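Quick notes on the structure that follows.
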Amino acid sequence: MTSKSSIRYQHIENFQGLVISEASLSLLDFQPHFHLDFHIGLITNGVFRQTHKGQSMDFSQQHICFMPPGEVHDGRGVGNERHQLTTFRVPPTLLQTALLDKYPDSLTPSIESLAPAVIHHGTLAQAFSKLSHALKPDSQANQLYKDSLWTNVLAELFTLLDKTPKQESHWGLSDQQLGQLRDYCDSHLEQKITLDELAHLTGLTRFQFIRHFQKRTGLAPHAWLLRLRLERACTQLKDTKNSLTDIAANVGFYDQSHFHRAFKKAYQIAPSRYRYGA
């Protein structure tokens, strides 16, 4: 991205950890990465090309991109026009609550059943755009209106996602193995984590582990772990009053300078500005 790019993160009060980002980018180019929240993306100007598990798809206005946690994907702009992107970053607990709103009985699906999807639906895209405007700090909308918009757009999104069943991966590491690896990394995030430790958890040699891990996730182990550290840092920046130095140490960066550089490269904004919704 260039210096002409701008991105803003807004932490939404009364919505249990919801973050909305708005990006205006002269050059849109996101390298392969993943998130720990659900991401609902809208293109408000330009065309966006996303690659997920080797398949590329273009989407623009009237499309909604839904990406669950842990799914590695990239994205880049098509053409030379300025690209504008709004993304709702929804914590799993908040999305599960929305599912219970729509399915208030024993048949409520699990959030783990929700699959990545790019949906062409102009009316719903407009509804998400309206929700984004209603949640801005200078909006005059009352909480009842915001809650109603949120409930309705999520319910309609779930209806459309019901038509996109999740498919199990039959290559690389299993879901169980990947879950064990993430649990281990989460519990040792402030420490140095070695290739030997991760390979041992899966019962594979180091070479086998690297090959199977990259097939399963789309990222090399070191790149995946870096992203996990940064995603956990986002949560601490938003949910705690810990100093930047403490957060950097908590998620495994050896100094604040290294943390600052890695965070800004990933999110196009300094950690301090992310914390305060700048």
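Quick note on naming: the chains in the structure tokens go A, B, ... in the order shown, residues restart at 1 in each chain, and ligands are numbered from 1 in order of appearance.
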Could you list, with a cut-off of 9 Å and counting only C-alpha atoms, the residues of segment 88-197 of chain A near segment 229-235 of chain A, each shown with its nearest atom pair and the distance in Å rounded to one decimal, rows sorted by chain and ascending number, as a tab-separated table?
```
residue	atom	partner	partner_atom	distance
A:Asp186	CA	A:Arg229	CA	8.5
A:Leu189	CA	A:Arg229	CA	7.0
A:Glu190	CA	A:Arg229	CA	8.8
```
Write the residues of the preceding selection, restricted to all heavy atoms, as a PDB file, in the first residue's frame.
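Result file is selection-v8.pdb:
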```pdb
ATOM      1  N   ASP A 186      -1.470 -20.481  21.787  1.00  0.00           N
ATOM      2  CA  ASP A 186      -2.141 -19.491  22.625  1.00  0.00           C
ATOM      3  C   ASP A 186      -1.637 -19.537  24.061  1.00  0.00           C
ATOM      4  O   ASP A 186      -1.465 -18.501  24.704  1.00  0.00           O
ATOM      5  CB  ASP A 186      -3.658 -19.717  22.608  1.00  0.00           C
ATOM      6  CG  ASP A 186      -4.353 -18.989  21.470  1.00  0.00           C
ATOM      7  OD1 ASP A 186      -3.845 -17.927  21.054  1.00  0.00           O
ATOM      8  OD2 ASP A 186      -5.391 -19.469  20.998  1.00  0.00           O
ATOM      9  N   LEU A 189       2.108 -18.143  24.134  1.00  0.00           N
ATOM     10  CA  LEU A 189       2.320 -17.068  23.163  1.00  0.00           C
ATOM     11  C   LEU A 189       3.434 -16.114  23.580  1.00  0.00           C
ATOM     12  O   LEU A 189       4.134 -15.552  22.729  1.00  0.00           O
ATOM     13  CB  LEU A 189       1.008 -16.288  22.969  1.00  0.00           C
ATOM     14  CG  LEU A 189       0.791 -15.611  21.623  1.00  0.00           C
ATOM     15  CD1 LEU A 189       0.903 -16.601  20.479  1.00  0.00           C
ATOM     16  CD2 LEU A 189      -0.553 -14.903  21.589  1.00  0.00           C
ATOM     17  N   GLU A 190       3.627 -15.918  24.872  1.00  0.00           N
ATOM     18  CA  GLU A 190       4.654 -14.986  25.331  1.00  0.00           C
ATOM     19  C   GLU A 190       6.048 -15.603  25.291  1.00  0.00           C
ATOM     20  O   GLU A 190       7.048 -14.917  25.544  1.00  0.00           O
ATOM     21  CB  GLU A 190       4.338 -14.517  26.758  1.00  0.00           C
ATOM     22  CG  GLU A 190       4.653 -15.519  27.859  1.00  0.00           C
ATOM     23  CD  GLU A 190       3.649 -16.651  27.968  1.00  0.00           C
ATOM     24  OE1 GLU A 190       2.701 -16.701  27.151  1.00  0.00           O
ATOM     25  OE2 GLU A 190       3.818 -17.496  28.865  1.00  0.00           O
TER      26      GLU A 190
END
```
- Message: Env of Ala134 of chain A: 12 Å cut, atoms = only C-alpha atoms, seq-sep filter 6 positions within chain, self excluded. Answer as a PyMOL selection string.
- Response: chain A and resi 12+20+127-128+140-150
Any chance you can output those residues with N, CA, C and O atoms as a PDB file, in the first residue's frame?
```
ATOM      1  N   ILE A  12     -16.989  -0.520  18.430  1.00  0.00           N
ATOM      2  CA  ILE A  12     -18.404  -0.206  18.569  1.00  0.00           C
ATOM      3  C   ILE A  12     -18.895  -0.530  19.974  1.00  0.00           C
ATOM      4  O   ILE A  12     -18.893  -1.687  20.400  1.00  0.00           O
ATOM      5  N   ILE A  20     -15.329  -2.042  13.317  1.00  0.00           N
ATOM      6  CA  ILE A  20     -15.573  -1.740  11.904  1.00  0.00           C
ATOM      7  C   ILE A  20     -14.361  -0.997  11.371  1.00  0.00           C
ATOM      8  O   ILE A  20     -13.892  -0.026  11.976  1.00  0.00           O
ATOM      9  N   ALA A 127     -28.024  -2.763   3.150  1.00  0.00           N
ATOM     10  CA  ALA A 127     -28.398  -2.823   4.560  1.00  0.00           C
ATOM     11  C   ALA A 127     -27.157  -2.791   5.461  1.00  0.00           C
ATOM     12  O   ALA A 127     -27.142  -2.122   6.496  1.00  0.00           O
ATOM     13  N   PHE A 128     -26.105  -3.496   5.067  1.00  0.00           N
ATOM     14  CA  PHE A 128     -24.867  -3.446   5.841  1.00  0.00           C
ATOM     15  C   PHE A 128     -24.260  -2.044   5.793  1.00  0.00           C
ATOM     16  O   PHE A 128     -23.711  -1.553   6.790  1.00  0.00           O
ATOM     17  N   GLN A 140     -26.902   9.973  14.801  1.00  0.00           N
ATOM     18  CA  GLN A 140     -27.967  10.325  15.738  1.00  0.00           C
ATOM     19  C   GLN A 140     -28.914   9.145  16.004  1.00  0.00           C
ATOM     20  O   GLN A 140     -29.895   9.290  16.724  1.00  0.00           O
ATOM     21  N   ALA A 141     -28.606   7.992  15.431  1.00  0.00           N
ATOM     22  CA  ALA A 141     -29.487   6.831  15.586  1.00  0.00           C
ATOM     23  C   ALA A 141     -29.488   6.356  17.034  1.00  0.00           C
ATOM     24  O   ALA A 141     -28.448   6.330  17.698  1.00  0.00           O
ATOM     25  N   ASN A 142     -30.667   5.967  17.529  1.00  0.00           N
ATOM     26  CA  ASN A 142     -30.735   5.458  18.898  1.00  0.00           C
ATOM     27  C   ASN A 142     -30.385   3.972  18.931  1.00  0.00           C
ATOM     28  O   ASN A 142     -30.307   3.311  17.902  1.00  0.00           O
ATOM     29  N   GLN A 143     -30.193   3.428  20.138  1.00  0.00           N
ATOM     30  CA  GLN A 143     -29.720   2.057  20.277  1.00  0.00           C
ATOM     31  C   GLN A 143     -30.735   1.052  19.772  1.00  0.00           C
ATOM     32  O   GLN A 143     -30.368   0.007  19.213  1.00  0.00           O
ATOM     33  N   LEU A 144     -32.032   1.338  19.930  1.00  0.00           N
ATOM     34  CA  LEU A 144     -33.060   0.418  19.440  1.00  0.00           C
ATOM     35  C   LEU A 144     -32.962   0.264  17.927  1.00  0.00           C
ATOM     36  O   LEU A 144     -33.061  -0.852  17.393  1.00  0.00           O
ATOM     37  N   TYR A 145     -32.744   1.375  17.230  1.00  0.00           N
ATOM     38  CA  TYR A 145     -32.609   1.330  15.772  1.00  0.00           C
ATOM     39  C   TYR A 145     -31.369   0.538  15.370  1.00  0.00           C
ATOM     40  O   TYR A 145     -31.406  -0.305  14.472  1.00  0.00           O
ATOM     41  N   LYS A 146     -30.247   0.789  16.078  1.00  0.00           N
ATOM     42  CA  LYS A 146     -29.013   0.072  15.773  1.00  0.00           C
ATOM     43  C   LYS A 146     -29.187  -1.429  16.012  1.00  0.00           C
ATOM     44  O   LYS A 146     -28.775  -2.257  15.191  1.00  0.00           O
ATOM     45  N   ASP A 147     -29.789  -1.786  17.134  1.00  0.00           N
ATOM     46  CA  ASP A 147     -29.991  -3.199  17.455  1.00  0.00           C
ATOM     47  C   ASP A 147     -30.883  -3.875  16.421  1.00  0.00           C
ATOM     48  O   ASP A 147     -30.647  -5.028  16.033  1.00  0.00           O
ATOM     49  N   SER A 148     -31.909  -3.161  15.975  1.00  0.00           N
ATOM     50  CA  SER A 148     -32.835  -3.732  14.985  1.00  0.00           C
ATOM     51  C   SER A 148     -32.135  -3.955  13.647  1.00  0.00           C
ATOM     52  O   SER A 148     -32.304  -5.003  13.010  1.00  0.00           O
ATOM     53  N   LEU A 149     -31.349  -2.963  13.214  1.00  0.00           N
ATOM     54  CA  LEU A 149     -30.605  -3.117  11.968  1.00  0.00           C
ATOM     55  C   LEU A 149     -29.647  -4.300  12.052  1.00  0.00           C
ATOM     56  O   LEU A 149     -29.580  -5.141  11.149  1.00  0.00           O
ATOM     57  N   TRP A 150     -28.893  -4.371  13.134  1.00  0.00           N
ATOM     58  CA  TRP A 150     -27.927  -5.445  13.335  1.00  0.00           C
ATOM     59  C   TRP A 150     -28.610  -6.811  13.280  1.00  0.00           C
ATOM     60  O   TRP A 150     -28.152  -7.727  12.589  1.00  0.00           O
TER      61      TRP A 150
END
```
- Can you pull out every residue within 8 Å of segment 199-209 of chain A, counting only C-alpha atoms, but drop anything in the same chain fewer than 6 positions away, and send it as a PyMOL selection string? chain A and resi 177+180-181
- If you run DSSP on this backbone, which residues of segment 93-239 of chain A come out as helix (DSSP H, G or I), and could you give them as a PyMOL selection string? chain A and resi 93-102+111-113+122-134+143-161+175-187+195-202+206-217+221-239
If you keep C-alpha atoms, can you produce a file of those selected residues as a JSON list (two decimals), in the first residue's frame?
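Result saved to selection_22.json:
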```
[["chain", "number", "residue", "atom", "x", "y", "z"],
["A", 93, "THR", "CA", -19.33, -14.87, 20.78],
["A", 94, "LEU", "CA", -21.21, -11.97, 19.20],
["A", 95, "LEU", "CA", -21.97, -13.96, 16.05],
["A", 96, "GLN", "CA", -23.18, -16.93, 18.10],
["A", 97, "THR", "CA", -25.58, -14.59, 19.93],
["A", 98, "ALA", "CA", -26.92, -13.44, 16.56],
["A", 99, "LEU", "CA", -27.40, -17.06, 15.52],
["A", 100, "LEU", "CA", -29.47, -17.66, 18.67],
["A", 101, "ASP", "CA", -31.64, -14.69, 17.69],
["A", 102, "LYS", "CA", -32.49, -16.35, 14.39],
["A", 111, "ILE", "CA", -20.68, -20.95, 14.16],
["A", 112, "GLU", "CA", -18.18, -23.64, 13.14],
["A", 113, "SER", "CA", -20.63, -24.70, 10.42],
["A", 122, "GLY", "CA", -27.54, -5.69, -3.52],
["A", 123, "THR", "CA", -30.27, -5.21, -0.92],
["A", 124, "LEU", "CA", -28.27, -6.84, 1.86],
["A", 125, "ALA", "CA", -25.10, -4.96, 0.87],
["A", 126, "GLN", "CA", -27.07, -1.71, 1.18],
["A", 127, "ALA", "CA", -28.40, -2.82, 4.56],
["A", 128, "PHE", "CA", -24.87, -3.45, 5.84],
["A", 129, "SER", "CA", -23.85, -0.02, 4.53],
["A", 130, "LYS", "CA", -26.78, 1.54, 6.38],
["A", 131, "LEU", "CA", -25.73, -0.29, 9.54],
["A", 132, "SER", "CA", -22.17, 1.00, 9.17],
["A", 133, "HIS", "CA", -23.44, 4.59, 8.96],
["A", 134, "ALA", "CA", -25.78, 4.09, 11.93],
["A", 143, "GLN", "CA", -29.72, 2.06, 20.28],
["A", 144, "LEU", "CA", -33.06, 0.42, 19.44],
["A", 145, "TYR", "CA", -32.61, 1.33, 15.77],
["A", 146, "LYS", "CA", -29.01, 0.07, 15.77],
["A", 147, "ASP", "CA", -29.99, -3.20, 17.45],
["A", 148, "SER", "CA", -32.84, -3.73, 14.99],
["A", 149, "LEU", "CA", -30.60, -3.12, 11.97],
["A", 150, "TRP", "CA", -27.93, -5.45, 13.33],
["A", 151, "THR", "CA", -30.41, -8.24, 14.06],
["A", 152, "ASN", "CA", -32.08, -7.99, 10.66],
["A", 153, "VAL", "CA", -28.92, -7.90, 8.54],
["A", 154, "LEU", "CA", -27.35, -10.84, 10.41],
["A", 155, "ALA", "CA", -30.54, -12.88, 10.13],
["A", 156, "GLU", "CA", -30.67, -12.32, 6.36],
["A", 157, "LEU", "CA", -26.96, -13.13, 6.04],
["A", 158, "PHE", "CA", -27.46, -16.43, 7.92],
["A", 159, "THR", "CA", -30.31, -17.34, 5.55],
["A", 160, "LEU", "CA", -27.97, -16.92, 2.59],
["A", 161, "LEU", "CA", -25.08, -18.70, 4.31],
["A", 175, "ASP", "CA", -9.09, -29.77, 12.21],
["A", 176, "GLN", "CA", -8.27, -31.47, 15.51],
["A", 177, "GLN", "CA", -4.52, -31.20, 14.95],
["A", 178, "LEU", "CA", -4.80, -27.56, 13.92],
["A", 179, "GLY", "CA", -6.92, -26.86, 17.01],
["A", 180, "GLN", "CA", -4.31, -28.49, 19.25],
["A", 181, "LEU", "CA", -1.57, -26.41, 17.65],
["A", 182, "ARG", "CA", -3.49, -23.18, 18.15],
["A", 183, "ASP", "CA", -4.32, -24.04, 21.77],
["A", 184, "TYR", "CA", -0.64, -24.75, 22.41],
["A", 185, "CYS", "CA", 0.49, -21.52, 20.76],
["A", 186, "ASP", "CA", -2.14, -19.49, 22.63],
["A", 187, "SER", "CA", -1.01, -20.87, 25.97],
["A", 195, "LEU", "CA", 9.49, -25.89, 15.12],
["A", 196, "ASP", "CA", 10.48, -28.98, 17.13],
["A", 197, "GLU", "CA", 7.70, -28.32, 19.65],
["A", 198, "LEU", "CA", 5.02, -27.90, 16.97],
["A", 199, "ALA", "CA", 6.14, -30.94, 14.97],
["A", 200, "HIS", "CA", 6.17, -33.05, 18.16],
["A", 201, "LEU", "CA", 2.53, -32.12, 18.86],
["A", 202, "THR", "CA", 1.48, -33.63, 15.53],
["A", 206, "ARG", "CA", 9.93, -31.20, 11.07],
["A", 207, "PHE", "CA", 9.90, -31.49, 7.26],
["A", 208, "GLN", "CA", 6.56, -33.35, 7.27],
["A", 209, "PHE", "CA", 5.07, -30.81, 9.65],
["A", 210, "ILE", "CA", 6.06, -27.81, 7.52],
["A", 211, "ARG", "CA", 4.68, -29.45, 4.38],
["A", 212, "HIS", "CA", 1.37, -30.55, 5.96],
["A", 213, "PHE", "CA", 0.91, -27.29, 7.87],
["A", 214, "GLN", "CA", 1.37, -25.14, 4.80],
["A", 215, "LYS", "CA", -1.02, -27.34, 2.81],
["A", 216, "ARG", "CA", -3.65, -27.01, 5.53],
["A", 217, "THR", "CA", -3.37, -23.31, 6.30],
["A", 221, "PRO", "CA", 4.38, -21.91, 10.41],
["A", 222, "HIS", "CA", 6.36, -18.77, 11.25],
["A", 223, "ALA", "CA", 4.01, -16.53, 9.25],
["A", 224, "TRP", "CA", 0.94, -18.16, 10.82],
["A", 225, "LEU", "CA", 2.35, -17.70, 14.34],
["A", 226, "LEU", "CA", 3.19, -14.05, 13.64],
["A", 227, "ARG", "CA", -0.38, -13.43, 12.56],
["A", 228, "LEU", "CA", -1.74, -15.20, 15.65],
["A", 229, "ARG", "CA", 0.42, -12.95, 17.86],
["A", 230, "LEU", "CA", -0.87, -9.84, 16.08],
["A", 231, "GLU", "CA", -4.52, -10.92, 16.24],
["A", 232, "ARG", "CA", -4.18, -11.54, 19.98],
["A", 233, "ALA", "CA", -2.55, -8.12, 20.30],
["A", 234, "CYS", "CA", -5.62, -6.56, 18.66],
["A", 235, "THR", "CA", -7.80, -8.11, 21.35],
["A", 236, "GLN", "CA", -5.60, -6.84, 24.17],
["A", 237, "LEU", "CA", -5.43, -3.36, 22.66],
["A", 238, "LYS", "CA", -9.21, -3.25, 22.55],
["A", 239, "ASP", "CA", -10.13, -5.05, 25.78]]
```
- Task: Enumerate as a list in words all residues of segment 72-163 of chain A assigned to strand (DSSP E) by DSSP on the backbone, naming them with the chain letters and numbers the document uses.
- Result: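 DSSP on the backbone gives strand (DSSP E) at His73, Asp74, Gly75, Arg76, Gly77, Val78, His83, Gln84, Leu85, Thr86, Thr87, Phe88, Arg89, Val90, Ala117, Val118, Ile119 and His120 of chain A.
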For the selection just defined, write its residues with N, CA, C and O atoms to a file, as a short mmCIF file (atom, residue, chain, number, x, y, z; two decimals), in the first residue's frame.
```cif
data_model
loop_
_atom_site.label_atom_id
_atom_site.label_comp_id
_atom_site.auth_asym_id
_atom_site.auth_seq_id
_atom_site.Cartn_x
_atom_site.Cartn_y
_atom_site.Cartn_z
N HIS A 73 -6.45 -16.17 3.45
CA HIS A 73 -6.88 -15.59 2.17
C HIS A 73 -6.03 -14.36 1.90
O HIS A 73 -5.34 -13.84 2.79
N ASP A 74 -6.06 -13.91 0.66
CA ASP A 74 -5.40 -12.66 0.31
C ASP A 74 -6.40 -11.78 -0.40
O ASP A 74 -7.58 -12.12 -0.51
N GLY A 75 -5.96 -10.65 -0.90
CA GLY A 75 -6.87 -9.77 -1.62
C GLY A 75 -6.11 -8.66 -2.31
O GLY A 75 -5.12 -8.16 -1.77
N ARG A 76 -6.57 -8.30 -3.47
CA ARG A 76 -5.92 -7.19 -4.19
C ARG A 76 -6.96 -6.50 -5.07
O ARG A 76 -7.95 -7.10 -5.50
N GLY A 77 -6.69 -5.24 -5.32
CA GLY A 77 -7.59 -4.47 -6.17
C GLY A 77 -7.39 -4.79 -7.64
O GLY A 77 -6.31 -5.17 -8.08
N VAL A 78 -8.46 -4.65 -8.40
CA VAL A 78 -8.43 -4.85 -9.85
C VAL A 78 -8.61 -3.48 -10.50
O VAL A 78 -9.57 -2.77 -10.21
N HIS A 83 -9.83 2.19 -4.25
CA HIS A 83 -10.69 1.16 -3.68
C HIS A 83 -11.11 1.54 -2.27
O HIS A 83 -10.29 1.99 -1.47
N GLN A 84 -12.38 1.33 -2.00
CA GLN A 84 -12.91 1.61 -0.67
C GLN A 84 -13.58 0.34 -0.14
O GLN A 84 -14.40 -0.29 -0.84
N LEU A 85 -13.21 -0.02 1.09
CA LEU A 85 -13.62 -1.29 1.67
C LEU A 85 -14.07 -1.06 3.11
O LEU A 85 -13.36 -0.43 3.89
N THR A 86 -15.25 -1.56 3.45
CA THR A 86 -15.75 -1.54 4.83
C THR A 86 -15.82 -2.98 5.33
O THR A 86 -16.36 -3.85 4.64
N THR A 87 -15.26 -3.22 6.51
CA THR A 87 -15.22 -4.56 7.07
C THR A 87 -15.76 -4.57 8.48
O THR A 87 -15.35 -3.77 9.32
N PHE A 88 -16.71 -5.47 8.73
CA PHE A 88 -17.21 -5.73 10.08
C PHE A 88 -16.42 -6.89 10.65
O PHE A 88 -16.43 -7.99 10.09
N ARG A 89 -15.73 -6.66 11.76
CA ARG A 89 -14.93 -7.69 12.43
C ARG A 89 -15.74 -8.15 13.64
O ARG A 89 -15.81 -7.44 14.64
N VAL A 90 -16.31 -9.35 13.54
CA VAL A 90 -17.31 -9.80 14.51
C VAL A 90 -16.72 -10.93 15.37
O VAL A 90 -16.40 -12.00 14.85
N ALA A 117 -17.80 -17.38 2.04
CA ALA A 117 -18.72 -17.16 0.92
C ALA A 117 -18.57 -15.74 0.40
O ALA A 117 -18.27 -14.81 1.16
N VAL A 118 -18.78 -15.57 -0.90
CA VAL A 118 -18.96 -14.26 -1.51
C VAL A 118 -20.36 -14.26 -2.09
O VAL A 118 -20.69 -15.06 -2.97
N ILE A 119 -21.21 -13.38 -1.57
CA ILE A 119 -22.64 -13.38 -1.89
C ILE A 119 -22.98 -12.11 -2.67
O ILE A 119 -22.64 -11.00 -2.24
N HIS A 120 -23.63 -12.28 -3.81
CA HIS A 120 -24.12 -11.13 -4.58
C HIS A 120 -25.56 -10.84 -4.17
O HIS A 120 -26.46 -11.61 -4.46
#
```
- Query: For the atom pair atom CA of Leu173 of chain A and atom CA of Gly218 of chain A, what is the interatomic distance in Å to one decimal place?
  - Reply: 11.4 Å
- What is the atom CA of Val47 of chain A-atom CA of Arg82 of chain A distance in Å, reported with one decimal?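 Computing the Euclidean distance for atom CA of Val47 of chain A and atom CA of Arg82 of chain A yields 9.4 Å.
Using only C-alpha atoms for every distance, the candidate list A:His35, A:Ala266, A:Leu135, A:Gly277 yields A:Leu135 as the residue closest to Asn14 of chain A.
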